[in-house]
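Here is the file final-v9.txt (compact mmCIF, C-alpha atoms).
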# COMPACT_ATOMS: atom_id res chain seq x y z
CA MET A 1 64.28 109.21 132.89
CA SER A 2 67.96 109.29 133.74
CA ARG A 3 68.69 108.60 130.08
CA GLN A 4 67.28 112.02 129.14
CA PRO A 5 69.57 114.55 130.80
CA TYR A 6 68.35 117.43 128.57
CA THR A 7 64.93 119.04 128.34
CA ALA A 8 63.63 119.79 124.86
CA ALA A 9 64.57 123.49 125.20
CA GLN A 10 68.08 122.74 126.45
CA TYR A 11 68.59 120.31 123.60
CA ARG A 12 67.55 122.88 121.03
CA LYS A 13 70.02 125.34 122.53
CA LEU A 14 72.75 122.69 122.42
CA VAL A 15 72.05 122.04 118.73
CA SER A 16 71.94 125.73 117.79
CA ASP A 17 75.21 126.41 119.64
CA ALA A 18 76.90 123.59 117.76
CA THR A 19 75.52 124.64 114.37
CA PRO A 20 78.10 126.50 112.24
CA GLY A 21 75.56 129.19 111.27
CA THR A 22 75.26 130.60 114.79
CA ARG A 23 78.95 130.41 115.49
CA MET A 24 79.72 132.18 112.23
CA LEU A 25 77.19 134.93 112.90
CA ARG A 26 78.76 135.47 116.31
CA GLY A 27 82.21 135.63 114.72
CA TYR A 28 81.05 138.31 112.25
CA LEU A 29 79.31 140.33 114.98
CA ARG A 30 82.42 140.31 117.19
CA ALA A 31 84.73 141.22 114.29
CA PHE A 32 82.32 143.97 113.23
CA TRP A 33 81.92 145.76 116.55
CA VAL A 34 85.53 145.44 117.72
CA GLY A 35 86.89 146.44 114.29
CA GLY A 36 84.44 149.33 114.13
CA ALA A 37 85.39 150.45 117.63
CA ILE A 38 89.12 150.42 116.80
CA CYS A 39 88.41 152.54 113.71
CA CYS A 40 86.41 154.99 115.89
CA LEU A 41 89.45 155.26 118.14
CA GLY A 42 91.47 156.07 115.00
CA GLN A 43 88.86 158.71 114.07
CA ALA A 44 89.21 160.28 117.53
CA ILE A 45 93.01 160.43 117.17
CA THR A 46 92.55 162.00 113.70
CA LEU A 47 90.41 164.75 115.26
CA TRP A 48 93.04 165.24 117.95
CA ALA A 49 95.70 165.52 115.22
CA GLU A 50 93.58 168.18 113.45
CA LYS A 51 93.56 170.21 116.67
CA LEU A 52 97.38 170.00 116.65
CA ASN A 53 97.30 171.56 113.16
CA LEU A 54 99.06 168.70 111.42
CA GLY A 55 98.95 168.73 107.62
CA GLU A 56 96.96 166.53 105.27
CA ILE A 57 99.91 164.15 104.88
CA THR A 58 101.28 164.24 108.44
CA ASN A 59 97.89 163.76 110.12
CA PRO A 60 97.45 160.12 108.97
CA MET A 61 101.10 159.45 109.85
CA PHE A 62 100.48 160.75 113.37
CA THR A 63 97.26 158.72 113.71
CA THR A 64 98.96 155.54 112.50
CA SER A 65 101.91 156.01 114.85
CA VAL A 66 99.66 156.53 117.90
CA MET A 67 97.54 153.48 116.93
CA ILE A 68 100.71 151.41 116.56
CA PHE A 69 101.98 152.62 119.94
CA LEU A 70 98.69 151.52 121.52
CA GLY A 71 98.82 148.17 119.68
CA THR A 72 102.36 147.30 120.76
CA THR A 73 101.82 148.46 124.36
CA LEU A 74 98.61 146.43 124.73
CA THR A 75 100.52 143.47 123.25
CA GLY A 76 103.30 143.90 125.82
CA LEU A 77 100.73 144.02 128.61
CA GLY A 78 99.19 140.80 127.26
CA VAL A 79 95.83 142.49 126.63
CA TYR A 80 95.80 142.47 122.82
CA ASP A 81 96.06 138.70 122.48
CA ARG A 82 92.98 138.37 124.70
CA ILE A 83 91.09 140.86 122.51
CA GLY A 84 92.26 138.84 119.49
CA LYS A 85 90.83 135.61 120.87
CA TYR A 86 87.45 137.31 121.23
CA ALA A 87 87.37 139.45 118.08
CA GLY A 88 89.27 137.42 115.45
CA ALA A 89 89.72 139.61 112.36
CA GLY A 90 88.17 142.56 114.24
CA SER A 91 91.48 143.10 116.00
CA ALA A 92 93.81 141.52 113.40
CA VAL A 93 92.85 143.63 110.37
CA PRO A 94 93.26 147.16 111.86
CA VAL A 95 96.77 148.60 111.97
CA THR A 96 96.88 147.81 115.71
CA GLY A 97 96.82 144.15 114.65
CA PHE A 98 99.86 144.79 112.45
CA ALA A 99 101.56 146.34 115.51
CA ASN A 100 100.60 143.25 117.49
CA SER A 101 102.10 140.99 114.82
CA VAL A 102 105.39 142.93 115.13
CA ALA A 103 105.58 143.05 118.94
CA ALA A 104 104.18 139.62 119.88
CA PRO A 105 106.84 137.36 118.29
CA ALA A 106 109.62 139.76 119.38
CA ILE A 107 108.49 139.47 123.00
CA GLU A 108 107.95 135.73 122.75
CA PHE A 109 111.41 134.96 121.39
CA GLN A 110 113.40 137.19 123.77
CA ARG A 111 115.18 134.09 125.03
CA GLU A 112 116.83 133.55 121.65
CA GLY A 113 118.78 136.77 122.12
CA ALA A 114 118.71 140.41 121.08
CA VAL A 115 119.71 139.84 117.43
CA THR A 116 118.35 136.53 116.16
CA GLY A 117 115.58 136.53 118.79
CA VAL A 118 114.04 139.98 119.12
CA GLY A 119 115.60 141.63 116.07
CA ALA A 120 114.72 138.96 113.55
CA ARG A 121 111.34 137.97 114.98
CA LEU A 122 110.09 141.55 114.80
CA PHE A 123 109.66 140.84 111.09
CA THR A 124 108.08 137.38 111.29
CA LEU A 125 104.78 138.83 110.03
CA ALA A 126 105.81 142.37 109.20
CA GLY A 127 108.41 141.01 106.73
CA PRO A 128 105.93 139.43 104.30
CA VAL A 129 103.51 142.36 104.69
CA LEU A 130 106.22 144.92 103.91
CA ALA A 131 107.79 142.83 101.13
CA TYR A 132 104.58 142.36 99.15
CA GLY A 133 103.14 145.76 100.10
CA ILE A 134 106.24 147.69 99.00
CA ALA A 135 106.74 145.53 95.89
CA SER A 136 103.17 146.10 94.73
CA SER A 137 103.44 149.84 95.40
CA VAL A 138 106.55 149.92 93.15
CA ALA A 139 104.62 147.99 90.48
CA VAL A 140 101.78 150.51 90.70
CA GLY A 141 104.25 153.42 90.48
CA VAL A 142 106.02 151.96 87.43
CA VAL A 143 102.77 151.19 85.61
CA TYR A 144 101.50 154.68 86.44
CA TRP A 145 104.74 156.16 85.06
CA LEU A 146 104.38 154.15 81.82
CA VAL A 147 100.70 154.99 81.36
CA ARG A 148 101.29 158.67 82.13
CA GLY A 149 104.15 158.87 79.64
CA TRP A 150 102.08 157.08 77.00
CA VAL A 151 98.98 159.28 77.44
CA MET A 152 100.80 162.61 77.53
CA MET B 1 75.63 165.74 114.22
CA ASN B 2 78.76 166.91 112.47
CA THR B 3 80.93 165.42 115.17
CA ILE B 4 79.01 162.14 115.41
CA MET B 5 78.64 161.25 111.71
CA PRO B 6 82.36 160.64 111.02
CA PHE B 7 82.39 158.18 113.93
CA VAL B 8 79.30 156.35 112.65
CA LYS B 9 80.84 156.08 109.17
CA ALA B 10 84.21 154.95 110.58
CA PHE B 11 82.46 152.35 112.73
CA LEU B 12 80.35 150.93 109.89
CA ILE B 13 83.01 150.83 107.16
CA GLY B 14 85.79 149.73 109.54
CA GLY B 15 83.53 147.00 110.92
CA LEU B 16 82.60 145.81 107.43
CA ILE B 17 86.24 145.62 106.30
CA CYS B 18 87.03 143.53 109.40
CA CYS B 19 84.08 141.26 108.53
CA VAL B 20 85.71 140.59 105.14
CA GLY B 21 88.79 139.43 107.08
CA GLN B 22 86.59 137.34 109.37
CA ALA B 23 84.98 135.70 106.32
CA LEU B 24 88.47 134.79 105.04
CA ILE B 25 89.43 133.33 108.45
CA MET B 26 86.28 131.24 108.81
CA ASN B 27 85.77 130.08 105.23
CA THR B 28 89.32 129.47 104.06
CA LYS B 29 92.39 127.89 105.58
CA LEU B 30 94.47 131.03 105.09
CA THR B 31 96.83 131.86 107.95
CA ASN B 32 96.80 135.28 109.62
CA ALA B 33 100.01 136.26 107.83
CA ARG B 34 98.47 135.54 104.44
CA ILE B 35 95.34 137.49 105.29
CA LEU B 36 97.39 140.54 106.33
CA VAL B 37 99.38 140.32 103.08
CA ILE B 38 96.17 140.00 101.03
CA PHE B 39 94.71 143.07 102.76
CA VAL B 40 97.74 145.29 102.16
CA VAL B 41 98.18 144.20 98.52
CA SER B 42 94.44 144.63 97.80
CA GLY B 43 94.66 148.09 99.35
CA VAL B 44 97.48 148.97 96.96
CA PHE B 45 95.66 147.75 93.83
CA LEU B 46 92.23 149.10 94.81
CA THR B 47 93.91 152.49 95.26
CA ALA B 48 95.66 152.22 91.90
CA LEU B 49 92.29 151.52 90.25
CA GLY B 50 90.88 154.62 91.95
CA LEU B 51 88.42 152.59 94.02
CA TYR B 52 89.82 153.12 97.52
CA LYS B 53 90.18 156.91 97.63
CA PRO B 54 86.38 157.49 97.59
CA LEU B 55 86.08 155.11 100.54
CA VAL B 56 88.75 157.06 102.47
CA ASP B 57 86.98 160.35 101.67
CA PHE B 58 83.71 158.86 102.89
CA ALA B 59 84.76 156.89 105.99
CA GLY B 60 88.00 158.52 107.15
CA ALA B 61 89.63 156.31 109.78
CA GLY B 62 87.16 153.55 108.92
CA ALA B 63 89.12 153.09 105.68
CA THR B 64 92.63 154.18 106.75
CA VAL B 65 92.94 152.21 110.03
CA PRO B 66 92.39 148.71 108.50
CA LEU B 67 95.47 147.31 106.74
CA THR B 68 93.95 148.09 103.34
CA GLY B 69 94.59 151.72 104.41
CA PHE B 70 98.29 150.90 104.75
CA GLY B 71 98.15 149.72 101.13
CA TYR B 72 96.32 152.95 100.24
CA SER B 73 99.18 155.02 101.70
CA LEU B 74 101.78 152.91 99.86
CA ALA B 75 100.06 153.35 96.49
CA MET B 76 99.19 157.04 96.93
CA GLY B 77 102.80 157.70 97.98
CA ALA B 78 104.18 155.89 94.93
CA ILE B 79 101.85 157.71 92.50
CA GLU B 80 102.53 161.16 93.98
CA ALA B 81 106.29 160.56 93.98
CA VAL B 82 106.19 159.52 90.30
CA ASN B 83 104.49 162.86 89.58
CA LYS B 84 107.28 164.62 91.44
CA TYR B 85 110.46 162.68 90.58
CA GLY B 86 109.58 160.54 87.56
CA LEU B 87 110.32 156.80 87.43
CA ILE B 88 112.56 156.73 90.54
CA GLY B 89 109.58 158.04 92.48
CA ALA B 90 108.04 154.57 92.24
CA PHE B 91 110.86 153.38 94.50
CA VAL B 92 110.62 156.38 96.83
CA GLY B 93 106.98 157.20 97.44
CA GLY B 94 105.50 154.10 99.08
CA VAL B 95 107.99 153.82 101.92
CA THR B 96 108.23 157.60 102.39
CA ARG B 97 104.51 157.89 102.96
CA THR B 98 104.43 154.92 105.36
CA ALA B 99 107.79 155.59 107.06
CA ALA B 100 106.19 156.85 110.28
CA GLY B 101 104.05 153.73 110.65
CA ILE B 102 106.84 151.28 109.81
CA THR B 103 109.31 153.03 112.13
CA ALA B 104 106.74 153.25 114.94
CA ALA B 105 106.05 149.52 114.64
CA VAL B 106 109.76 148.61 114.70
CA VAL B 107 110.77 151.01 117.52
CA PHE B 108 107.75 150.41 119.78
CA GLY B 109 107.94 146.67 119.09
CA LEU B 110 111.60 146.70 120.09
CA LEU B 111 110.91 148.76 123.24
CA ASN B 112 108.15 146.35 124.22
CA ALA B 113 110.43 143.36 123.84
CA LEU B 114 112.92 145.08 126.16
CA LEU B 115 110.31 146.13 128.74
CA PHE B 116 107.95 143.15 128.94
CA LYS B 117 108.43 139.49 129.71
CA PRO B 118 106.60 136.87 127.63
CA HIS B 119 103.09 136.08 128.86
CA ALA B 120 102.11 132.50 129.53
CA LYS B 121 99.65 131.30 126.90
CA SER B 122 96.42 130.38 128.64
Turn the structure described in the file into structure tokens.
Amino acid sequence: MSRQPYTAAQYRKLVSDATPGTRMLRGYLRAFWVGGAICCLGQAITLWAEKLNLGEITNPMFTTSVMIFLGTTLTGLGVYDRIGKYAGAGSAVPVTGFANSVAAPAIEFQREGAVTGVGARLFTLAGPVLAYGIASSVAVGVVYWLVRGWVM
Amino acid sequence: MNTIMPFVKAFLIGGLICCVGQALIMNTKLTNARILVIFVVSGVFLTALGLYKPLVDFAGAGATVPLTGFGYSLAMGAIEAVNKYGLIGAFVGGVTRTAAGITAAVVFGLLNALLFKPHAKS
């Protein structure tokens, strides 16, 4: 009997926990509810911004800035990385995750100094995101300019 | 109901967009940096094709808070600035529209690095 440490039910649970299907479903559920919750927080800040009578363009700017403030502060407090371990893409994809990717390496590499440590590492992840994001927005603008000129 | 529905929509759409990211993490070997880049660039091109604006109108923060929304702002900014200033607008609009977010990230990131010590990785 000592060779059978698991009961049939325990063994089934062991198998289902180790099966990729269950683990993947759990990953999606966590990403879904945490990501959804962060977006709800953004919606709440948007409503707050509407009460402050911000315009159609400045309202999203305000919302993004507040979200980024929350993201960097939670990163500094060491909370955001713990959320990230639980939620995966649920906390990485929202703009708070972008804030985390700016603040986290800057904090981590403090020891390398204010310029090549903090200053340069701020852009470890933000650099590629801004480079390709801005470049593609210029491409879109130029194509739009060409098409508009051609149509009119 | 009018106050609850926007939150339900934001939750559902925001959650779904994050699930797309989760699918990329679990099914491919892409690093986080690559996934963030893919999200922003897809946001830019989906907006240019006119596909992202309806999602923003429908889901509000559910579409603007994920990084695809950052791409949406970049593209909308570039297009509107071209309307206003012509070709040079393509170089002006994207960053103008996202300036608050970029500056907030840099300034608050910098402040955090000054205020907080690194946390031990557990």
Exercise. So how far away is CA of Val40 in chain B from CA of Lys53 in chain B, in Å?
Worked result: 14.6 Å
Exercise. Which one is closest to chain B: A:Leu146, A:Ala126, A:Gly36, A:Tyr80? Count only C-alpha atoms.
Worked result: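 Once distances to chain B are computed over only C-alpha atoms, the minimum belongs to A:Gly36.
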Exercise. Closest to Val142 in chain A among B:Gly94, B:Ala78, B:Ala105, B:Ala113, using only C-alpha atoms?
Worked result: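 Among the listed residues, B:Ala78 lies closest to Val142 in chain A.
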Problem set entry | Residue nearest chain B among A:Pro5, A:Gly141, A:Gly21, A:Gly127 (counting only C-alpha atoms) |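 Among the listed residues, A:Gly141 lies closest to chain B.
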For this session: Name the residues in contact with range 59-73 of chain B at a cut-off of 7 Å, using all atoms listed in the file, excluding same-chain residues fewer than 2 positions from it; report them as a ChimeraX atom specification.
Result: /A:39,42-43,93-95,133 /B:6,9-11,13-14,39-44,47,55-57,75-77,94,97-98
For this session: Measure the distance from CA of Gln10 in chain A to CA of Leu25 in chain A in Å and round it to one decimal.
Result: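 The value is 20.4 Å.
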For this session: For CA of Ala90 in chain B and CA of Val140 in chain A, determine how far apart the two atoms are, in Å to one decimal place.
Result: 7.6 Å
Exercise. Range 100-108 of chain A: which residues within 6 Å, counting all atoms listed in the file, same-chain residues fewer than 2 positions away excluded, as a ChimeraX atom specification?
Worked result: /A:71-72,75,97-98,110,118,121-122,125-126 /B:109,113,118
Just write the chosen residues, C-alpha atoms, as a short mmCIF file (atom, residue, chain, number, x, y, z; two decimals), in the frame of the given file.
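Dumped everything to part_10.cif:
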data_model
loop_
_atom_site.label_atom_id
_atom_site.label_comp_id
_atom_site.auth_asym_id
_atom_site.auth_seq_id
_atom_site.Cartn_x
_atom_site.Cartn_y
_atom_site.Cartn_z
CA GLY A 71 98.82 148.17 119.68
CA THR A 72 102.36 147.30 120.76
CA THR A 75 100.52 143.47 123.25
CA GLY A 97 96.82 144.15 114.65
CA PHE A 98 99.86 144.79 112.45
CA GLN A 110 113.40 137.19 123.77
CA VAL A 118 114.04 139.98 119.12
CA ARG A 121 111.34 137.97 114.98
CA LEU A 122 110.09 141.55 114.80
CA LEU A 125 104.78 138.83 110.03
CA ALA A 126 105.81 142.37 109.20
CA GLY B 109 107.94 146.67 119.09
CA ALA B 113 110.43 143.36 123.84
CA PRO B 118 106.60 136.87 127.63
#
Problem set entry | Given only C-alpha atoms as the counted atoms, nearest of B:Gln22, B:Asn27, B:Thr96, B:Asn32 to Thr124 in chain A |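 Closest to Thr124 in chain A, using only C-alpha atoms: B:Asn32.
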Exercise. Quick one: residues within 10 Å of Arg34 in chain B, all atoms listed in the file counted, chain neighbours fewer than 3 positions away excluded, as a PyMOL selection string?
Worked result: (chain A and resi 125+128-129) or (chain B and resi 29-31+37-39)
For this session: Find the spatial neighbours of Gly35 in chain A, counting only C-alpha atoms, within a cut-off of 6 Å - ignore same-chain residues fewer than 5 positions away - and output them as a PyMOL selection string.
Result: (chain A and resi 90-91) or (chain B and resi 14-15+18)
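Nearest residue to chain A, choosing from B:Leu87, B:Ile4, B:Val107, B:Leu51 and counting all atoms listed in the file: B:Leu87.
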Exercise. Pick the closest to chain A from B:Ile102, B:Ile35, B:Ile79, B:Val92: which is it, counting only C-alpha atoms?
Worked result: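 The answer is B:Ile79, which sits nearest to chain A.
By only C-alpha atoms, and with residues fewer than 4 positions from Phe69 in chain A along its chain excluded, the set lying at most 9 Å from it is Thr64, Ser65, Thr73, Leu74, Thr96 and Ala99 of chain A; Ala104, Ala105, Phe108 and Gly109 of chain B.
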For C-alpha atoms, I'd like the residues from the last selection saved as a PDB file, in the coordinates of the input.
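Dumped to out_33.pdb:
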ATOM      1  CA  THR A  64      98.960 155.540 112.500  1.00  0.00           C
ATOM      2  CA  SER A  65     101.910 156.010 114.850  1.00  0.00           C
ATOM      3  CA  THR A  73     101.820 148.460 124.360  1.00  0.00           C
ATOM      4  CA  LEU A  74      98.610 146.430 124.730  1.00  0.00           C
ATOM      5  CA  THR A  96      96.880 147.810 115.710  1.00  0.00           C
ATOM      6  CA  ALA A  99     101.560 146.340 115.510  1.00  0.00           C
TER       7      ALA A  99
ATOM      8  CA  ALA B 104     106.740 153.250 114.940  1.00  0.00           C
ATOM      9  CA  ALA B 105     106.050 149.520 114.640  1.00  0.00           C
ATOM     10  CA  PHE B 108     107.750 150.410 119.780  1.00  0.00           C
ATOM     11  CA  GLY B 109     107.940 146.670 119.090  1.00  0.00           C
TER      12      GLY B 109
END
Please rebuild range 11-31 of chain B with N, CA and C atoms and give the result as a PDB file, keeping the file's coordinate frame.
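Just written: result04.pdb:
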ATOM      1  N   PHE B  11      82.873 153.599 112.074  1.00  0.00           N
ATOM      2  CA  PHE B  11      82.460 152.350 112.730  1.00  0.00           C
ATOM      3  C   PHE B  11      81.912 151.359 111.711  1.00  0.00           C
ATOM      4  N   LEU B  12      81.006 151.830 110.848  1.00  0.00           N
ATOM      5  CA  LEU B  12      80.350 150.930 109.890  1.00  0.00           C
ATOM      6  C   LEU B  12      81.326 150.388 108.864  1.00  0.00           C
ATOM      7  N   ILE B  13      82.090 151.279 108.217  1.00  0.00           N
ATOM      8  CA  ILE B  13      83.010 150.830 107.160  1.00  0.00           C
ATOM      9  C   ILE B  13      84.145 150.002 107.760  1.00  0.00           C
ATOM     10  N   GLY B  14      84.722 150.483 108.881  1.00  0.00           N
ATOM     11  CA  GLY B  14      85.790 149.730 109.540  1.00  0.00           C
ATOM     12  C   GLY B  14      85.305 148.350 109.952  1.00  0.00           C
ATOM     13  N   GLY B  15      84.101 148.287 110.519  1.00  0.00           N
ATOM     14  CA  GLY B  15      83.530 147.000 110.920  1.00  0.00           C
ATOM     15  C   GLY B  15      83.338 146.075 109.734  1.00  0.00           C
ATOM     16  N   LEU B  16      82.839 146.635 108.619  1.00  0.00           N
ATOM     17  CA  LEU B  16      82.600 145.810 107.430  1.00  0.00           C
ATOM     18  C   LEU B  16      83.909 145.250 106.869  1.00  0.00           C
ATOM     19  N   ILE B  17      84.956 146.097 106.828  1.00  0.00           N
ATOM     20  CA  ILE B  17      86.240 145.620 106.300  1.00  0.00           C
ATOM     21  C   ILE B  17      86.775 144.480 107.176  1.00  0.00           C
ATOM     22  N   CYS B  18      86.592 144.606 108.501  1.00  0.00           N
ATOM     23  CA  CYS B  18      87.030 143.530 109.400  1.00  0.00           C
ATOM     24  C   CYS B  18      86.200 142.265 109.172  1.00  0.00           C
ATOM     25  N   CYS B  19      84.921 142.431 108.813  1.00  0.00           N
ATOM     26  CA  CYS B  19      84.080 141.260 108.530  1.00  0.00           C
ATOM     27  C   CYS B  19      84.570 140.513 107.287  1.00  0.00           C
ATOM     28  N   VAL B  20      85.114 141.249 106.306  1.00  0.00           N
ATOM     29  CA  VAL B  20      85.710 140.590 105.140  1.00  0.00           C
ATOM     30  C   VAL B  20      86.856 139.688 105.607  1.00  0.00           C
ATOM     31  N   GLY B  21      87.696 140.223 106.515  1.00  0.00           N
ATOM     32  CA  GLY B  21      88.790 139.430 107.080  1.00  0.00           C
ATOM     33  C   GLY B  21      88.274 138.218 107.834  1.00  0.00           C
ATOM     34  N   GLN B  22      87.181 138.434 108.604  1.00  0.00           N
ATOM     35  CA  GLN B  22      86.590 137.340 109.370  1.00  0.00           C
ATOM     36  C   GLN B  22      86.063 136.252 108.434  1.00  0.00           C
ATOM     37  N   ALA B  23      85.486 136.667 107.297  1.00  0.00           N
ATOM     38  CA  ALA B  23      84.980 135.700 106.320  1.00  0.00           C
ATOM     39  C   ALA B  23      86.143 134.854 105.780  1.00  0.00           C
ATOM     40  N   LEU B  24      87.302 135.519 105.544  1.00  0.00           N
ATOM     41  CA  LEU B  24      88.470 134.790 105.040  1.00  0.00           C
ATOM     42  C   LEU B  24      88.962 133.791 106.097  1.00  0.00           C
ATOM     43  N   ILE B  25      88.956 134.212 107.380  1.00  0.00           N
ATOM     44  CA  ILE B  25      89.430 133.330 108.450  1.00  0.00           C
ATOM     45  C   ILE B  25      88.530 132.109 108.576  1.00  0.00           C
ATOM     46  N   MET B  26      87.201 132.333 108.517  1.00  0.00           N
ATOM     47  CA  MET B  26      86.280 131.240 108.810  1.00  0.00           C
ATOM     48  C   MET B  26      86.031 130.332 107.618  1.00  0.00           C
ATOM     49  N   ASN B  27      86.139 130.876 106.392  1.00  0.00           N
ATOM     50  CA  ASN B  27      85.770 130.080 105.230  1.00  0.00           C
ATOM     51  C   ASN B  27      86.954 129.529 104.449  1.00  0.00           C
ATOM     52  N   THR B  28      88.155 130.000 104.759  1.00  0.00           N
ATOM     53  CA  THR B  28      89.320 129.470 104.060  1.00  0.00           C
ATOM     54  C   THR B  28      90.320 128.999 105.099  1.00  0.00           C
ATOM     55  N   LYS B  29      91.373 128.354 104.638  1.00  0.00           N
ATOM     56  CA  LYS B  29      92.390 127.890 105.580  1.00  0.00           C
ATOM     57  C   LYS B  29      93.588 128.831 105.579  1.00  0.00           C
ATOM     58  N   LEU B  30      93.370 130.077 105.141  1.00  0.00           N
ATOM     59  CA  LEU B  30      94.470 131.030 105.090  1.00  0.00           C
ATOM     60  C   LEU B  30      94.960 131.357 106.493  1.00  0.00           C
ATOM     61  N   THR B  31      96.283 131.473 106.654  1.00  0.00           N
ATOM     62  CA  THR B  31      96.830 131.860 107.950  1.00  0.00           C
ATOM     63  C   THR B  31      96.709 133.378 108.104  1.00  0.00           C
TER      64      THR B  31
END
